[in-house]
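The data block below is data-v8.cif; it holds mmCIF, C-alpha atoms and all ligand atoms.
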```
data_final
#
loop_
_atom_site.label_atom_id
_atom_site.label_comp_id
_atom_site.auth_asym_id
_atom_site.auth_seq_id
_atom_site.Cartn_x
_atom_site.Cartn_y
_atom_site.Cartn_z
CA MET A 20 0.00 0.00 0.00
CA GLY A 21 1.08 3.55 -0.57
CA THR A 22 2.39 5.97 1.97
CA PRO A 23 -0.52 7.47 3.93
CA GLY A 24 -0.72 11.21 3.41
CA GLN A 25 0.59 11.17 -0.16
CA SER A 26 -1.90 12.96 -2.39
CA VAL A 27 -3.82 10.85 -4.91
CA SER A 28 -6.13 12.27 -7.55
CA PHE A 29 -7.97 11.00 -10.57
CA VAL A 30 -8.57 12.91 -13.82
CA MET A 31 -10.90 11.73 -16.58
CA VAL A 32 -9.07 12.71 -19.75
CA GLY A 33 -11.47 11.06 -22.18
CA SER A 34 -14.77 9.50 -21.19
CA GLY A 35 -15.95 8.37 -24.63
CA ALA A 36 -15.52 5.27 -26.74
CA VAL A 37 -14.97 4.23 -30.35
CA ARG A 38 -16.93 6.69 -32.48
CA VAL A 39 -16.54 10.44 -32.72
CA ASN A 40 -18.43 12.18 -29.93
CA PRO A 41 -17.99 15.95 -29.78
CA ASN A 42 -18.60 15.89 -26.03
CA ARG A 43 -16.14 13.16 -25.15
CA ALA A 44 -12.58 12.26 -26.13
CA GLY A 45 -11.68 8.58 -26.51
CA PRO A 46 -10.65 6.43 -23.53
CA SER A 47 -7.93 8.01 -21.37
CA GLN A 48 -7.39 8.61 -17.65
CA ILE A 49 -4.73 9.94 -15.33
CA VAL A 50 -4.08 8.89 -11.75
CA GLN A 51 -1.75 11.37 -10.10
CA VAL A 52 0.26 10.14 -7.11
CA GLY A 53 2.14 13.01 -5.52
CA GLU A 54 3.85 14.75 -8.48
CA ARG A 55 3.76 11.66 -10.69
CA ALA A 56 1.08 11.32 -13.36
CA LEU A 57 0.23 7.80 -14.53
CA LEU A 58 -1.60 7.66 -17.86
CA PHE A 59 -4.08 4.88 -18.64
CA ASP A 60 -4.89 4.57 -22.38
CA CYS A 61 -4.56 7.22 -25.05
CA GLY A 62 -7.64 7.41 -27.25
CA ARG A 63 -8.92 9.96 -29.77
CA CYS A 64 -8.35 13.61 -28.74
CA SER A 65 -6.86 12.60 -25.39
CA VAL A 66 -3.53 14.35 -26.07
CA HIS A 67 -5.36 17.64 -26.59
CA ASN A 68 -7.32 17.09 -23.37
CA MET A 69 -4.39 16.09 -21.17
CA VAL A 70 -2.50 19.24 -22.15
CA GLU A 71 -5.63 21.34 -21.60
CA PHE A 72 -6.11 19.75 -18.17
CA GLY A 73 -2.56 20.64 -17.09
CA TYR A 74 -0.52 17.57 -18.03
CA PRO A 75 2.13 18.37 -20.70
CA VAL A 76 2.83 15.10 -22.54
CA GLU A 77 6.60 15.38 -22.11
CA GLU A 78 6.17 15.33 -18.32
CA ILE A 79 4.27 12.02 -18.26
CA ASN A 80 6.72 9.13 -17.89
CA ASP A 81 4.39 6.20 -17.19
CA VAL A 82 1.76 4.84 -19.56
CA PHE A 83 -0.41 1.77 -19.03
CA VAL A 84 -2.35 0.30 -21.95
CA THR A 85 -5.45 -1.76 -21.19
CA HIS A 86 -5.77 -3.49 -24.57
CA LEU A 87 -5.00 -2.93 -28.22
CA HIS A 88 -8.45 -1.98 -29.54
CA PHE A 89 -7.78 1.17 -31.56
CA ASP A 90 -10.08 3.41 -29.53
CA HIS A 91 -7.68 2.95 -26.56
CA VAL A 92 -4.35 3.41 -28.35
CA CYS A 93 -4.92 5.47 -31.49
CA GLU A 94 -3.18 8.57 -30.08
CA LEU A 95 -0.35 6.69 -28.39
CA PRO A 96 1.98 7.28 -31.40
CA TYR A 97 1.11 11.00 -31.30
CA PHE A 98 1.71 11.08 -27.53
CA VAL A 99 5.13 9.43 -27.90
CA LEU A 100 6.26 11.51 -30.89
CA LEU A 101 4.94 14.81 -29.51
CA SER A 102 6.59 14.27 -26.14
CA TRP A 103 9.88 13.53 -27.94
CA ASN A 104 9.44 16.62 -30.12
CA ASN A 105 8.70 18.74 -27.03
CA GLY A 106 11.91 17.66 -25.33
CA ARG A 107 11.07 14.70 -23.15
CA ALA A 108 13.63 14.54 -20.33
CA GLY A 109 12.48 11.49 -18.39
CA ARG A 110 12.48 8.01 -19.93
CA LEU A 111 9.03 6.88 -21.03
CA HIS A 112 7.87 3.55 -19.58
CA VAL A 113 4.98 1.87 -21.35
CA HIS A 114 3.23 -1.16 -19.86
CA GLY A 115 0.66 -3.08 -21.86
CA PRO A 116 -0.51 -6.47 -23.05
CA ALA A 117 1.66 -8.85 -25.05
CA GLY A 118 1.67 -7.43 -28.59
CA LEU A 119 2.54 -3.95 -27.33
CA ASN A 120 6.05 -3.97 -28.83
CA HIS A 121 4.71 -5.06 -32.22
CA PHE A 122 2.13 -2.25 -32.13
CA LEU A 123 4.61 0.43 -31.06
CA HIS A 124 7.24 -0.60 -33.60
CA HIS A 125 4.81 -0.54 -36.51
CA ALA A 126 2.81 2.52 -35.41
CA ILE A 127 5.84 4.66 -34.51
CA GLN A 128 9.30 3.55 -35.73
CA ALA A 129 8.12 1.97 -38.99
CA ALA A 130 5.23 4.31 -39.84
CA TYR A 131 7.15 7.51 -39.03
CA GLU A 132 10.56 6.39 -40.26
CA GLN A 133 10.96 9.43 -42.55
CA ASP A 134 9.79 11.87 -39.88
CA ILE A 135 12.10 10.41 -37.26
CA ARG A 136 15.09 10.50 -39.64
CA SER A 137 14.29 14.11 -40.51
CA ARG A 138 14.07 15.30 -36.90
CA LEU A 139 17.20 13.39 -35.88
CA GLY A 140 18.87 15.20 -38.80
CA HIS A 141 18.26 18.58 -37.26
CA GLY A 142 19.56 17.50 -33.89
CA LYS A 143 16.63 16.04 -31.97
CA ASP A 144 17.93 13.86 -29.11
CA PRO A 145 17.25 10.19 -29.93
CA ALA A 146 17.06 9.41 -26.21
CA GLY A 147 13.55 10.89 -26.08
CA LEU A 148 12.30 8.08 -28.31
CA ASP A 149 14.06 5.33 -26.37
CA LEU A 150 11.04 3.76 -24.68
CA GLU A 151 11.18 1.11 -22.02
CA THR A 152 8.30 -1.27 -22.64
CA VAL A 153 6.94 -4.06 -20.51
CA GLU A 154 4.67 -6.64 -22.11
CA ILE A 155 2.28 -8.06 -19.56
CA GLN A 156 1.15 -11.67 -19.95
CA GLY A 157 -1.67 -11.55 -17.38
CA ASP A 158 -2.16 -10.92 -13.68
CA GLY A 159 0.56 -9.55 -11.46
CA THR A 160 2.28 -6.69 -9.69
CA LEU A 161 3.85 -4.24 -12.12
CA VAL A 162 5.10 -1.51 -9.82
CA ASP A 163 6.02 -2.03 -6.18
CA GLU A 164 7.77 1.06 -4.92
CA GLU A 165 7.78 3.18 -1.80
CA GLY A 166 4.38 4.86 -1.92
CA LEU A 167 2.96 3.12 -4.99
CA THR A 168 1.82 -0.38 -5.84
CA LEU A 169 0.26 -1.09 -9.22
CA SER A 170 -1.16 -4.40 -10.38
CA SER A 171 -3.00 -5.86 -13.36
CA LEU A 172 -5.84 -8.33 -13.79
CA ALA A 173 -6.72 -9.87 -17.15
CA THR A 174 -10.42 -10.29 -17.91
CA PRO A 175 -12.30 -11.45 -21.03
CA HIS A 176 -12.99 -8.86 -23.74
CA GLY A 177 -13.14 -9.45 -27.48
CA GLU A 178 -10.73 -12.42 -27.29
CA MET A 179 -7.81 -10.07 -26.60
CA LEU A 180 -5.35 -9.95 -23.74
CA ASN A 181 -7.19 -7.33 -21.74
CA LEU A 182 -5.89 -5.65 -18.58
CA ASN A 183 -7.57 -3.86 -15.70
CA TYR A 184 -5.31 -1.84 -13.40
CA GLY A 185 -5.32 -1.36 -9.63
CA ILE A 186 -3.40 1.52 -8.08
CA ASP A 187 -2.63 1.59 -4.34
CA ALA A 188 -1.16 4.84 -3.05
CA GLY A 189 -1.67 7.23 -0.17
CA GLY A 190 -3.73 4.61 1.67
CA LYS A 191 -6.26 4.58 -1.21
CA ARG A 192 -7.13 2.07 -3.90
CA VAL A 193 -8.22 3.13 -7.39
CA VAL A 194 -9.25 0.59 -10.03
CA VAL A 195 -9.30 1.61 -13.69
CA THR A 196 -11.14 -1.04 -15.65
CA SER A 197 -10.51 -1.88 -19.25
CA ASP A 198 -13.41 -2.68 -21.53
CA THR A 199 -14.53 -5.89 -19.89
CA GLN A 200 -17.09 -8.60 -19.53
CA PRO A 201 -18.31 -9.24 -16.00
CA SER A 202 -15.92 -11.59 -14.20
CA PRO A 203 -15.77 -13.04 -10.67
CA GLU A 204 -12.03 -12.26 -10.56
CA LEU A 205 -12.75 -8.61 -11.23
CA VAL A 206 -14.94 -8.47 -8.11
CA GLY A 207 -11.97 -9.62 -6.02
CA PHE A 208 -9.65 -7.19 -7.79
CA CYS A 209 -11.97 -4.25 -7.02
CA ARG A 210 -12.43 -5.29 -3.37
CA GLY A 211 -12.66 -2.22 -1.14
CA ALA A 212 -11.74 0.23 -3.92
CA ASP A 213 -12.12 3.85 -2.87
CA LEU A 214 -12.75 4.69 -6.52
CA LEU A 215 -13.83 2.26 -9.24
CA VAL A 216 -13.59 3.79 -12.71
CA CYS A 217 -15.71 1.37 -14.68
CA GLU A 218 -16.79 1.06 -18.27
CA CYS A 219 -20.54 1.07 -18.91
CA SER A 220 -20.91 0.81 -22.67
CA GLY A 221 -24.69 0.70 -22.85
CA THR A 222 -27.98 -0.50 -21.47
CA SER A 223 -28.57 -4.25 -21.49
CA GLU A 224 -31.31 -3.73 -24.13
CA PHE A 225 -28.82 -1.95 -26.40
CA LEU A 226 -25.92 -4.33 -25.89
CA LEU A 227 -28.10 -7.41 -26.46
CA GLN A 228 -28.68 -6.16 -30.02
CA GLN A 229 -24.95 -5.82 -30.81
CA PRO A 230 -22.79 -8.75 -31.97
CA TRP A 231 -20.04 -7.46 -29.65
CA GLY A 232 -22.42 -6.50 -26.80
CA GLY A 233 -21.35 -9.41 -24.61
CA TRP A 234 -17.85 -7.96 -24.30
CA HIS A 235 -19.05 -5.06 -22.16
CA MET A 236 -20.64 -3.88 -18.90
CA THR A 237 -24.22 -2.69 -18.39
CA PRO A 238 -25.68 -0.69 -15.46
CA GLU A 239 -26.81 -3.98 -13.90
CA THR A 240 -23.40 -5.68 -14.14
CA VAL A 241 -21.61 -2.53 -12.90
CA ALA A 242 -23.94 -2.44 -9.87
CA LYS A 243 -23.30 -6.11 -9.17
CA LEU A 244 -19.53 -5.60 -9.44
CA ALA A 245 -19.46 -2.49 -7.22
CA THR A 246 -21.75 -4.06 -4.61
CA GLY A 247 -19.87 -7.37 -4.56
CA ALA A 248 -16.54 -5.56 -4.24
CA GLU A 249 -17.86 -3.10 -1.63
CA ALA A 250 -16.39 -0.26 -3.66
CA LYS A 251 -16.89 3.14 -2.06
CA SER A 252 -17.61 5.10 -5.25
CA VAL A 253 -17.98 4.54 -8.99
CA VAL A 254 -17.28 6.73 -12.01
CA LEU A 255 -18.72 5.52 -15.31
CA LYS A 256 -17.03 5.82 -18.72
CA HIS A 257 -16.98 4.42 -22.31
CA PHE A 258 -20.55 5.31 -23.30
CA VAL A 259 -20.79 3.56 -26.68
CA VAL A 260 -24.59 3.81 -26.58
CA GLU A 261 -24.46 7.62 -26.92
CA ASN A 262 -23.57 7.20 -30.60
CA PHE A 263 -26.71 5.13 -31.20
CA THR A 264 -29.45 7.20 -29.55
CA ASP A 265 -30.89 10.72 -29.55
CA ASP A 266 -31.43 10.47 -25.79
CA THR A 267 -28.98 13.03 -24.37
CA GLU A 268 -29.76 11.78 -20.84
CA ILE A 269 -28.79 8.17 -21.54
CA ALA A 270 -25.56 8.23 -19.50
CA GLU A 271 -27.35 9.76 -16.49
CA LYS A 272 -30.13 7.17 -16.87
CA MET A 273 -27.50 4.41 -16.82
CA ALA A 274 -26.03 5.94 -13.64
CA GLU A 275 -29.55 5.76 -12.13
CA GLY A 276 -29.60 2.13 -13.19
CA VAL A 277 -26.35 1.50 -11.30
CA ARG A 278 -27.74 3.30 -8.23
CA ALA A 279 -30.76 0.97 -8.29
CA GLY A 280 -28.48 -1.93 -7.41
CA TYR A 281 -25.61 -0.28 -5.52
CA GLY A 282 -25.64 1.99 -2.48
CA GLY A 283 -22.37 3.91 -3.01
CA GLU A 284 -21.73 7.11 -4.91
CA VAL A 285 -22.10 6.92 -8.71
CA ALA A 286 -21.01 9.68 -11.10
CA VAL A 287 -21.18 9.93 -14.88
CA GLY A 288 -17.62 10.56 -16.00
CA HIS A 289 -16.98 13.62 -18.14
CA ASP A 290 -13.81 14.92 -19.73
CA GLY A 291 -12.02 17.04 -17.14
CA LEU A 292 -13.65 15.39 -14.13
CA ARG A 293 -11.12 15.58 -11.29
CA ILE A 294 -11.48 13.71 -8.01
CA GLU A 295 -9.16 14.18 -5.04
CA LEU A 296 -9.05 10.98 -3.02
ZN ZN A 301 -13.13 0.60 -26.05
ZN ZN A 302 -12.23 -2.80 -26.37
#
```

Before we go any further, please render this structure as structure tokens.
Amino acid sequence: MGTPGQSVSFVMVGSGAVRVNPNRAGPSQIVQVGERALLFDCGRCSVHNMVEFGYPVEEINDVFVTHLHFDHVCELPYFVLLSWNNGRAGRLHVHGPAGLNHFLHHAIQAAYEQDIRSRLGHGKDPAGLDLETVEIQGDGTLVDEEGLTLSSLATPHGEMLNLNYGIDAGGKRVVVTSDTQPSPELVGFCRGADLLVCECSGTSEFLLQQPWGGWHMTPETVAKLATGAEAKSVVLKHFVVENFTDDTEIAEKMAEGVRAGYGGEVAVGHDGLRIEL
């Protein structure tokens, strides 16, 4: 567990999902422990948002990828290249599922080979592009330092290696879910969380109609998870359903649905939401 007294805060960088949503960037979150910002996923428009919310990309040294669906990683190349361009001083550490190195090589070094050669030619320091990557095979402890413990749990989602992250710091536990199906192991992983940041892609009626609907959480399964885990509060994210309805209140209605089966605090995540733990 982290050092009691160390400040811990959560920032929703992007609360949306796959399709363009003018009100929400794609999946991205920051957990700040003391001065250190940990970034979870890097979806559409998230680089713009993190800078706007006070987190210059070149000052973020730790990135954790939940899974390799494009909505969660499409701006990771931009994040890496921009932070290099801006003069990254600290080494960038990227954790993610097996396949991460293949993705990064093809999406950065191979795809931007001409750009990288050009910038190196005018004196850009190659060290800023020297990433340290860790490919995660499943469950385990990834960071175990004074004041910060970080662990992963793999759960089913779209037949991919799919990682949820638990952050223990300052005497608090935050869980950032990936996209995920309900899973008994996830209940244990979320046990006693002070903050559970959980995907809620759509209502059960909506998801039942989608071929991929079974990969995701509904208000009912979020409530069951949060209640079973005795989580203290829940923030919802990844509102796929918003792209398929004219109901502008759908996310708030889903939050009501979670409250029907769970007694803790439930908030609809929005870009820029900041919670001090
Ligand atoms: Zn997603
Ligand atoms: Zn996904």

| message | Can you work out which residues are within 7 Å of ligand ZN 302 (chain A), considering only C-alpha atoms and all ligand atoms, and then hand them over as a PyMOL selection string? | response | chain A and resi 86+88+176-177+198

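The residue that comes closest to ligand ZN 301 (chain A), out of A:Gly109, A:Gly221, A:Gly157, A:Gly185 and on the basis of all atoms listed in the file, is A:Gly221.
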
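Using only C-alpha atoms and all ligand atoms, we find that the residues with an atom at most 8 Å from any atom of ligand ZN 301 (chain A) are Ala36, Val37, Pro46, His88, Phe89, Asp90, His91, Ser197, Asp198 and His257 of chain A.
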
| task | Please tell me which residues are no farther than 12 Å from (9.6, -1.0, -24.3) in the file, counting only C-alpha atoms, and write them as a PyMOL selection string. | result | chain A and resi 81-83+99+110-124+148-155

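If all atoms listed in the file are the atoms counted, then among A:Phe72, A:Phe29, A:Phe59, A:Tyr131 the closest residue to Val92 of chain A is A:Phe59.
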
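If you look at atom CA of Ala248 of chain A and atom CA of Gly207 of chain A, they are 6.4 Å away from each other.
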
Keeping N, CA, C and O atoms (and nothing else), can you write segment 97-109 of chain A of this structure as a tab-separated table (two decimals), in the first residue's frame?
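The file below, result07.tsv, is the result:
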```
chain	number	residue	atom	x	y	z
A	97	TYR	N	1.04	9.54	-31.39
A	97	TYR	CA	1.11	11.00	-31.30
A	97	TYR	C	1.67	11.43	-29.94
A	97	TYR	O	2.53	12.32	-29.85
A	98	PHE	N	1.21	10.77	-28.87
A	98	PHE	CA	1.71	11.08	-27.53
A	98	PHE	C	3.23	10.89	-27.46
A	98	PHE	O	3.96	11.75	-26.96
A	99	VAL	N	3.70	9.74	-27.98
A	99	VAL	CA	5.13	9.43	-27.90
A	99	VAL	C	5.94	10.42	-28.74
A	99	VAL	O	6.94	10.99	-28.28
A	100	LEU	N	5.50	10.64	-29.99
A	100	LEU	CA	6.26	11.51	-30.89
A	100	LEU	C	6.21	12.97	-30.43
A	100	LEU	O	7.22	13.68	-30.48
A	101	LEU	N	5.05	13.42	-29.97
A	101	LEU	CA	4.94	14.81	-29.51
A	101	LEU	C	5.80	15.04	-28.27
A	101	LEU	O	6.46	16.08	-28.15
A	102	SER	N	5.80	14.08	-27.37
A	102	SER	CA	6.59	14.27	-26.14
A	102	SER	C	8.09	14.28	-26.46
A	102	SER	O	8.86	15.00	-25.83
A	103	TRP	N	8.49	13.51	-27.47
A	103	TRP	CA	9.88	13.53	-27.94
A	103	TRP	C	10.17	14.90	-28.56
A	103	TRP	O	11.16	15.56	-28.23
A	104	ASN	N	9.28	15.33	-29.45
A	104	ASN	CA	9.44	16.62	-30.12
A	104	ASN	C	9.56	17.76	-29.10
A	104	ASN	O	10.34	18.71	-29.27
A	105	ASN	N	8.75	17.65	-28.01
A	105	ASN	CA	8.70	18.74	-27.03
A	105	ASN	C	9.86	18.72	-26.05
A	105	ASN	O	9.94	19.57	-25.17
A	106	GLY	N	10.73	17.69	-26.18
A	106	GLY	CA	11.91	17.66	-25.33
A	106	GLY	C	11.78	16.81	-24.09
A	106	GLY	O	12.19	17.19	-23.00
A	107	ARG	N	11.19	15.63	-24.28
A	107	ARG	CA	11.07	14.70	-23.15
A	107	ARG	C	12.41	14.55	-22.44
A	107	ARG	O	13.43	14.29	-23.08
A	108	ALA	N	12.40	14.71	-21.11
A	108	ALA	CA	13.63	14.54	-20.33
A	108	ALA	C	13.66	13.19	-19.63
A	108	ALA	O	14.69	12.52	-19.59
A	109	GLY	N	12.53	12.77	-19.09
A	109	GLY	CA	12.48	11.49	-18.39
A	109	GLY	C	12.20	10.36	-19.36
A	109	GLY	O	11.56	10.54	-20.39
```
